file structure-v5.cif (mmCIF, C-alpha atoms and all ligand atoms)
data_entry
loop_
_atom_site.label_atom_id
_atom_site.label_comp_id
_atom_site.auth_asym_id
_atom_site.auth_seq_id
_atom_site.Cartn_x
_atom_site.Cartn_y
_atom_site.Cartn_z
CA MET A 1 0.00 0.00 0.00
CA LYS A 2 1.00 3.59 -0.48
CA LEU A 3 -0.30 6.44 1.67
CA THR A 4 -0.32 10.00 0.34
CA ILE A 5 -1.07 12.90 2.66
CA LEU A 6 -3.50 15.16 0.78
CA GLY A 7 -4.07 17.44 3.77
CA MET A 8 -3.27 17.28 7.45
CA ASN A 9 -4.46 20.46 9.15
CA GLY A 10 -7.47 20.81 11.38
CA PRO A 11 -9.86 22.29 12.17
CA PHE A 12 -8.92 24.82 9.46
CA PRO A 13 -6.07 24.97 6.96
CA ALA A 14 -2.77 26.78 7.33
CA ALA A 15 -1.90 29.31 4.60
CA GLY A 16 -1.72 27.27 1.40
CA GLY A 17 -2.68 24.13 3.31
CA CYS A 18 -5.48 21.60 3.36
CA THR A 19 -7.40 19.93 6.16
CA SER A 20 -7.62 16.15 6.65
CA GLY A 21 -7.48 13.95 3.57
CA TYR A 22 -5.49 10.84 2.70
CA LEU A 23 -5.15 8.62 -0.34
CA VAL A 24 -4.37 4.92 -0.03
CA THR A 25 -3.43 3.04 -3.17
CA THR A 26 -2.39 -0.44 -4.05
CA ASP A 27 -1.94 -2.19 -7.37
CA GLY A 28 -5.13 -1.38 -9.22
CA ALA A 29 -7.17 0.12 -6.39
CA ALA A 30 -7.44 3.44 -4.60
CA VAL A 31 -9.45 4.69 -1.65
CA ALA A 32 -9.45 8.12 -0.07
CA ILE A 33 -10.07 8.66 3.63
CA ASP A 34 -11.59 12.03 4.48
CA LEU A 35 -11.70 14.88 2.01
CA GLY A 36 -11.23 18.13 3.87
CA SER A 37 -10.90 21.61 2.43
CA GLY A 38 -8.45 21.77 -0.46
CA CYS A 39 -8.09 18.00 -0.73
CA LEU A 40 -10.04 17.53 -3.96
CA GLY A 41 -7.41 19.47 -5.87
CA GLN A 42 -4.61 17.53 -4.18
CA LEU A 43 -6.36 14.23 -4.89
CA SER A 44 -6.81 15.16 -8.54
CA ARG A 45 -3.02 15.48 -8.90
CA CYS A 46 -2.71 11.80 -7.92
CA ALA A 47 -5.84 10.09 -9.22
CA ALA A 48 -9.14 10.82 -10.94
CA PRO A 49 -11.59 11.25 -8.04
CA GLU A 50 -14.42 9.53 -9.92
CA GLY A 51 -12.15 6.50 -10.33
CA LEU A 52 -11.78 5.90 -6.58
CA HIS A 53 -12.95 2.51 -5.37
CA ALA A 54 -14.38 4.25 -2.31
CA LEU A 55 -14.22 7.33 -0.12
CA LEU A 56 -14.24 6.66 3.61
CA LEU A 57 -15.23 9.47 5.94
CA THR A 58 -14.35 9.29 9.61
CA HIS A 59 -17.05 11.84 10.45
CA TRP A 60 -18.94 14.78 9.01
CA HIS A 61 -17.04 17.70 10.55
CA TYR A 62 -16.25 20.13 7.74
CA ASP A 63 -12.48 19.81 8.09
CA HIS A 64 -12.92 16.16 7.02
CA CYS A 65 -15.62 16.41 4.36
CA ALA A 66 -15.76 19.99 2.99
CA ASP A 67 -14.47 19.00 -0.45
CA VAL A 68 -17.19 16.39 -0.82
CA LEU A 69 -19.31 19.38 -1.92
CA PRO A 70 -17.26 20.25 -5.04
CA LEU A 71 -16.71 16.49 -5.51
CA ILE A 72 -20.47 16.25 -6.12
CA PHE A 73 -20.11 18.67 -9.04
CA ARG A 74 -17.14 16.71 -10.40
CA LEU A 75 -19.00 13.41 -10.17
CA GLU A 76 -22.03 14.90 -11.89
CA ALA A 77 -19.75 16.07 -14.72
CA CYS A 78 -17.37 13.09 -15.02
CA ALA A 79 -18.52 9.92 -13.26
CA GLN A 80 -19.69 6.95 -15.30
CA GLN A 81 -20.51 4.99 -12.14
CA PRO A 82 -21.65 6.21 -8.72
CA LEU A 83 -18.94 6.66 -6.10
CA HIS A 84 -19.30 4.64 -2.90
CA ILE A 85 -18.93 6.75 0.23
CA TYR A 86 -18.73 5.05 3.63
CA ALA A 87 -19.41 7.20 6.69
CA PRO A 88 -21.10 7.16 10.07
CA ALA A 89 -24.76 8.16 10.07
CA ASP A 90 -25.14 11.78 11.22
CA GLU A 91 -28.52 13.31 10.49
CA GLY A 92 -27.32 16.72 11.65
CA SER A 93 -24.78 17.09 8.84
CA LEU A 94 -25.53 19.48 5.98
CA VAL A 95 -22.83 17.84 3.82
CA CYS A 96 -24.42 14.45 4.44
CA LYS A 97 -27.75 15.81 3.23
CA ALA A 98 -26.11 17.05 0.01
CA VAL A 99 -24.56 13.61 -0.48
CA GLN A 100 -27.92 11.91 0.04
CA ASN A 101 -29.35 14.03 -2.79
CA CYS A 102 -26.58 13.19 -5.27
CA THR A 103 -27.42 10.43 -7.76
CA LYS A 104 -23.72 9.86 -8.49
CA ILE A 105 -23.00 8.75 -4.92
CA ILE A 106 -24.01 5.61 -3.05
CA LEU A 107 -23.80 6.37 0.66
CA HIS A 108 -23.23 3.52 3.09
CA ASP A 109 -23.93 4.09 6.77
CA VAL A 110 -21.08 2.50 8.71
CA ALA A 111 -21.34 1.30 12.29
CA PRO A 112 -18.44 0.63 14.67
CA GLN A 113 -17.13 -2.92 15.02
CA THR A 114 -18.02 -3.78 11.45
CA GLU A 115 -16.00 -4.75 8.44
CA ILE A 116 -16.11 -3.13 5.01
CA ARG A 117 -15.23 -4.96 1.83
CA ILE A 118 -14.51 -2.64 -1.07
CA PRO A 119 -15.70 -4.26 -4.31
CA ASN A 120 -12.98 -5.01 -6.89
CA SER A 121 -10.17 -4.43 -4.43
CA GLU A 122 -8.18 -6.40 -1.89
CA PHE A 123 -8.74 -3.81 0.83
CA ARG A 124 -10.17 -5.22 4.04
CA ILE A 125 -11.31 -2.47 6.37
CA THR A 126 -12.32 -2.74 9.99
CA VAL A 127 -14.04 0.00 11.92
CA HIS A 128 -13.77 1.22 15.51
CA ALA A 129 -15.72 3.91 17.37
CA ALA A 130 -13.88 7.16 18.03
CA ARG A 131 -14.63 9.51 20.94
CA HIS A 132 -15.54 12.90 19.47
CA PRO A 133 -18.47 15.34 19.79
CA VAL A 134 -20.26 13.85 16.73
CA PRO A 135 -20.54 10.23 15.52
CA ALA A 136 -17.00 9.38 14.44
CA LEU A 137 -15.10 6.30 13.33
CA MET A 138 -11.55 5.13 12.88
CA TYR A 139 -10.45 2.79 10.12
CA ARG A 140 -7.91 0.01 9.87
CA ILE A 141 -7.10 -0.83 6.25
CA GLU A 142 -5.38 -4.10 5.48
CA CYS A 143 -4.04 -5.33 2.18
CA SER A 144 -1.40 -7.91 1.24
CA GLY A 145 -0.51 -8.57 4.87
CA LYS A 146 0.06 -4.88 5.71
CA ALA A 147 -2.06 -2.63 7.91
CA LEU A 148 -2.66 1.12 8.07
CA CYS A 149 -4.58 2.41 11.06
CA TYR A 150 -6.09 5.92 11.01
CA THR A 151 -7.70 7.22 14.17
CA GLY A 152 -9.69 10.06 12.60
CA ASP A 153 -10.56 12.63 15.27
CA THR A 154 -10.68 11.12 18.72
CA ASN A 155 -9.71 11.41 22.31
CA THR A 156 -8.75 8.31 24.30
CA VAL A 157 -11.13 5.41 23.79
CA ASP A 158 -11.31 1.83 25.03
CA GLY A 159 -9.74 -0.73 22.75
CA LEU A 160 -7.66 1.75 20.77
CA ALA A 161 -4.33 -0.01 21.31
CA ASP A 162 -5.87 -3.33 20.26
CA PHE A 163 -7.34 -1.72 17.18
CA ALA A 164 -3.91 -0.34 16.22
CA ARG A 165 -2.06 -3.53 17.25
CA GLY A 166 0.91 -4.26 15.01
CA ALA A 167 -0.07 -1.65 12.41
CA ASP A 168 2.64 -1.03 9.84
CA LEU A 169 1.70 2.64 9.96
CA LEU A 170 -0.38 4.43 12.57
CA LEU A 171 -1.79 7.78 11.44
CA ALA A 172 -3.08 9.43 14.59
CA ASP A 173 -4.81 12.64 15.63
CA GLY A 174 -2.31 14.39 17.88
CA LEU A 175 -3.59 17.95 17.76
CA PHE A 176 -2.83 18.89 21.35
CA PRO A 177 0.42 19.57 23.14
CA ALA A 178 0.29 17.98 26.61
CA ALA A 179 -0.43 21.33 28.30
CA LEU A 180 -3.69 21.80 26.37
CA TRP A 181 -5.04 18.25 26.44
CA ALA A 182 -7.84 17.26 28.82
CA GLU A 183 -10.13 14.27 29.23
CA GLY A 184 -13.14 16.08 27.75
CA LYS A 185 -11.34 17.49 24.69
CA PRO A 186 -12.09 16.21 21.17
CA HIS A 187 -8.53 15.11 20.26
CA LEU A 188 -5.55 13.17 21.53
CA SER A 189 -2.24 14.82 22.34
CA ALA A 190 0.89 14.11 20.32
CA ALA A 191 2.27 12.33 23.39
CA HIS A 192 -0.82 10.08 23.49
CA CYS A 193 -0.19 9.17 19.87
CA ALA A 194 3.38 8.20 20.66
CA GLN A 195 2.31 6.15 23.67
CA LEU A 196 -0.37 4.49 21.56
CA ALA A 197 2.15 3.59 18.87
CA LYS A 198 4.41 2.14 21.54
CA ASP A 199 1.65 0.18 23.28
CA ALA A 200 0.26 -1.14 20.00
CA GLY A 201 3.66 -2.04 18.57
CA ALA A 202 3.01 0.07 15.47
CA LYS A 203 5.99 0.13 13.12
CA GLN A 204 5.64 3.77 12.07
CA LEU A 205 3.83 6.72 13.63
CA VAL A 206 2.64 9.76 11.71
CA ILE A 207 0.90 12.44 13.79
CA THR A 208 -1.74 14.45 11.99
CA HIS A 209 -4.58 16.97 12.40
CA LEU A 210 -2.11 19.77 12.98
CA ASN A 211 -3.64 23.02 14.17
CA PRO A 212 -2.03 26.05 12.45
CA MET A 213 -2.23 27.95 15.75
CA LEU A 214 -0.13 25.41 17.67
CA ASP A 215 3.63 24.92 17.48
CA PRO A 216 4.48 21.70 15.63
CA GLU A 217 7.94 21.51 17.22
CA THR A 218 6.35 21.17 20.66
CA LEU A 219 4.23 18.28 19.40
CA LEU A 220 7.22 16.57 17.84
CA LYS A 221 9.37 17.02 20.93
CA GLU A 222 6.68 15.62 23.23
CA ALA A 223 6.02 12.66 20.93
CA ARG A 224 9.71 11.88 20.43
CA ALA A 225 10.28 11.79 24.17
CA ILE A 226 8.18 8.61 24.06
CA ARG A 227 8.74 7.34 20.56
CA ILE A 228 11.91 8.69 18.95
CA ASP A 229 10.87 7.97 15.36
CA SER A 230 7.57 9.93 15.58
CA LYS A 231 6.84 12.05 12.50
CA LEU A 232 4.41 14.84 11.73
CA ALA A 233 2.24 14.56 8.63
CA ARG A 234 3.20 16.87 5.77
CA MET A 235 1.10 17.64 2.72
CA GLY A 236 2.26 15.65 -0.28
CA ASP A 237 4.35 13.17 1.70
CA THR A 238 4.01 9.54 0.71
CA TYR A 239 4.65 6.41 2.75
CA GLU A 240 5.17 2.90 1.46
CA ILE A 241 3.41 0.48 3.75
ZN ZN B 301 -11.02 17.42 12.55
ZN ZN B 302 -13.84 16.44 14.14
#
call {"tool": "encode", "arguments": {"input": "structure-v5.cif", "output": "structure tokens"}}
result
Amino acid sequence: MKLTILGMNGPFPAAGGCTSGYLVTTDGAAVAIDLGSGCLGQLSRCAAPEGLHALLLTHWHYDHCADVLPLIFRLEACAQQPLHIYAPADEGSLVCKAVQNCTKIILHDVAPQTEIRIPNSEFRITVHAARHPVPALMYRIECSGKALCYTGDTNTVDGLADFARGADLLLADGLFPAALWAEGKPHLSAAHCAQLAKDAGAKQLVITHLNPMLDPETLLKEARAIRIDSKLARMGDTYEI
């Protein structure tokens, strides 16, 4: 598998940046996970969006799904077949309502503790509940004996280390420096991500959902105190998994 970081800011983009969006490809198949602001243009540099085997959304916060709106226009103009979007049910989401009204999208409601099989691909995807103010999921994508685990937006949640167990790459929401994290907040800290990677025995850790108002060096320093090889996500970076 190959992971491409389309965008990694949240909850809004840095100057010239994009919010959460990731592309996962393997021989002959491609899925995107989240499509935040600016990500459709980034995705289009790598792959035709209407050719995706699926788009997985962790949740319907705008920094993870904003570019689904212009994607609807692109699909209406270009798609021969409907695009399959997998996401948690969230009746309160305006973007979800727009998706439900698009004839070029098939929307699948996804529940935690389920498995998704993407037609015509070898991807096997398992789903875990995140802890966030709206219904939110995390995804573990496996293919050819390799595993990528993406937490989406979450704070600490039971079973997280088991869900990430042995992942070849853990992509984790580490928005907060330790000083700003609290039990009731919507995200993990960078240090939590590093501890999670250590506990789960993940082979690589990439910390994402970087807030433009917070110092990335602090996050990196705090993560590397626990896990020396911690990395921060950067737009356009690719990882072989
Ligand atoms: Zn977010
Ligand atoms: Zn969120």
call {"tool": "residues_near_ligand", "arguments": {"input": "structure-v5.cif", "ligand": "ligand ZN 301 (chain B)", "cutoff": "12 Å", "atoms": "all atoms listed in the file", "output": "ChimeraX atom specification"}}
result
/A:7-13,18-21,34-37,57-66,130,132-134,136-137,151-155,172-175,186-188,208-211
call {"tool": "closest_residue", "arguments": {"input": "structure-v5.cif", "among": "A:Ala48, A:Asp215, A:Ala233, A:Arg131", "to": "ligand ZN 302 (chain B)", "atoms": "all atoms listed in the file"}}
result
A:Arg131
call {"tool": "residues_around", "arguments": {"input": "structure-v5.cif", "residues": "A:Leu43", "least_positions_apart": "2", "cutoff": "12 Å", "atoms": "only C-alpha atoms", "output": "number ranges by chain"}}
result
A: 3-7, 18, 20-25, 30-41, 45-52, 55, 67-68, 71, 235-236
call {"tool": "residues_around", "arguments": {"input": "structure-v5.cif", "residues": "A:Val110", "least_positions_apart": "2", "cutoff": "12 Å", "atoms": "only C-alpha atoms", "output": "list in words"}}
result
Leu56, Leu57, Thr58, His59, His84, Ile85, Tyr86, Ala87, Pro88, Ala89, Asp90, Leu107, His108, Pro112, Gln113, Thr114, Glu115, Ile116, Arg117, Ile125, Thr126, Val127, His128, Ala129, Pro135, Ala136, Leu137, Met138 and Tyr139 of chain A
call {"tool": "write_last_selection", "arguments": {"input": "structure-v5.cif", "atoms": "C-alpha atoms", "output": "PDB file, keeping the file's coordinate frame"}}
result
ATOM      1  CA  LEU A  56     -14.240   6.660   3.610  1.00  0.00           C
ATOM      2  CA  LEU A  57     -15.230   9.470   5.940  1.00  0.00           C
ATOM      3  CA  THR A  58     -14.350   9.290   9.610  1.00  0.00           C
ATOM      4  CA  HIS A  59     -17.050  11.840  10.450  1.00  0.00           C
ATOM      5  CA  HIS A  84     -19.300   4.640  -2.900  1.00  0.00           C
ATOM      6  CA  ILE A  85     -18.930   6.750   0.230  1.00  0.00           C
ATOM      7  CA  TYR A  86     -18.730   5.050   3.630  1.00  0.00           C
ATOM      8  CA  ALA A  87     -19.410   7.200   6.690  1.00  0.00           C
ATOM      9  CA  PRO A  88     -21.100   7.160  10.070  1.00  0.00           C
ATOM     10  CA  ALA A  89     -24.760   8.160  10.070  1.00  0.00           C
ATOM     11  CA  ASP A  90     -25.140  11.780  11.220  1.00  0.00           C
ATOM     12  CA  LEU A 107     -23.800   6.370   0.660  1.00  0.00           C
ATOM     13  CA  HIS A 108     -23.230   3.520   3.090  1.00  0.00           C
ATOM     14  CA  PRO A 112     -18.440   0.630  14.670  1.00  0.00           C
ATOM     15  CA  GLN A 113     -17.130  -2.920  15.020  1.00  0.00           C
ATOM     16  CA  THR A 114     -18.020  -3.780  11.450  1.00  0.00           C
ATOM     17  CA  GLU A 115     -16.000  -4.750   8.440  1.00  0.00           C
ATOM     18  CA  ILE A 116     -16.110  -3.130   5.010  1.00  0.00           C
ATOM     19  CA  ARG A 117     -15.230  -4.960   1.830  1.00  0.00           C
ATOM     20  CA  ILE A 125     -11.310  -2.470   6.370  1.00  0.00           C
ATOM     21  CA  THR A 126     -12.320  -2.740   9.990  1.00  0.00           C
ATOM     22  CA  VAL A 127     -14.040   0.000  11.920  1.00  0.00           C
ATOM     23  CA  HIS A 128     -13.770   1.220  15.510  1.00  0.00           C
ATOM     24  CA  ALA A 129     -15.720   3.910  17.370  1.00  0.00           C
ATOM     25  CA  PRO A 135     -20.540  10.230  15.520  1.00  0.00           C
ATOM     26  CA  ALA A 136     -17.000   9.380  14.440  1.00  0.00           C
ATOM     27  CA  LEU A 137     -15.100   6.300  13.330  1.00  0.00           C
ATOM     28  CA  MET A 138     -11.550   5.130  12.880  1.00  0.00           C
ATOM     29  CA  TYR A 139     -10.450   2.790  10.120  1.00  0.00           C
TER      30      TYR A 139
END
call {"tool": "axis_aligned_box", "arguments": {"input": "structure-v5.cif", "around": "stretch 51-62 of chain A", "padding_each_side": "8 Å", "output": "AutoDock Vina command-line options"}}
result
--center_x -15.4 --center_y 11.3 --center_z 0.1 --size_x 23.2 --size_y 33.6 --size_z 36.9
call {"tool": "atom_distance", "arguments": {"input": "structure-v5.cif", "atom1": "atom CA of A:Glu222", "atom2": "atom CA of A:Ser189"}}
result
9.0 Å
call {"tool": "atom_distance", "arguments": {"input": "structure-v5.cif", "atom1": "atom CA of A:Phe163", "atom2": "atom CA of A:Ile241"}}
result
17.3 Å
call {"tool": "atom_distance", "arguments": {"input": "structure-v5.cif", "atom1": "atom CA of A:Gly16", "atom2": "atom CA of A:Ala182"}}
result
29.8 Å
call {"tool": "residues_near_point", "arguments": {"input": "structure-v5.cif", "point": "(-22.8, 10.3, -1.7)", "cutoff": "9 Å", "atoms": "only C-alpha atoms", "output": "list of chain:residue names"}}
result
A:Val68, A:Ile72, A:Pro82, A:Leu83, A:His84, A:Ile85, A:Tyr86, A:Cys96, A:Lys97, A:Ala98, A:Val99, A:Gln100, A:Asn101, A:Cys102, A:Thr103, A:Lys104, A:Ile105, A:Ile106, A:Leu107, A:His108
call {"tool": "closest_residue", "arguments": {"input": "structure-v5.cif", "among": "A:Met1, A:Ala191, A:Ala167, A:Ala197", "to": "A:Lys221", "atoms": "all atoms listed in the file"}}
result
A:Ala191
call {"tool": "closest_residue", "arguments": {"input": "structure-v5.cif", "among": "A:Asp27, A:Glu217, A:Glu76, A:Asp229", "to": "A:Phe123", "atoms": "only C-alpha atoms"}}
result
A:Asp27
call {"tool": "closest_residue", "arguments": {"input": "structure-v5.cif", "among": "A:Lys231, A:Arg74, A:His53, A:Lys185", "to": "ligand ZN 302 (chain B)", "atoms": "all atoms listed in the file"}}
result
A:Lys185
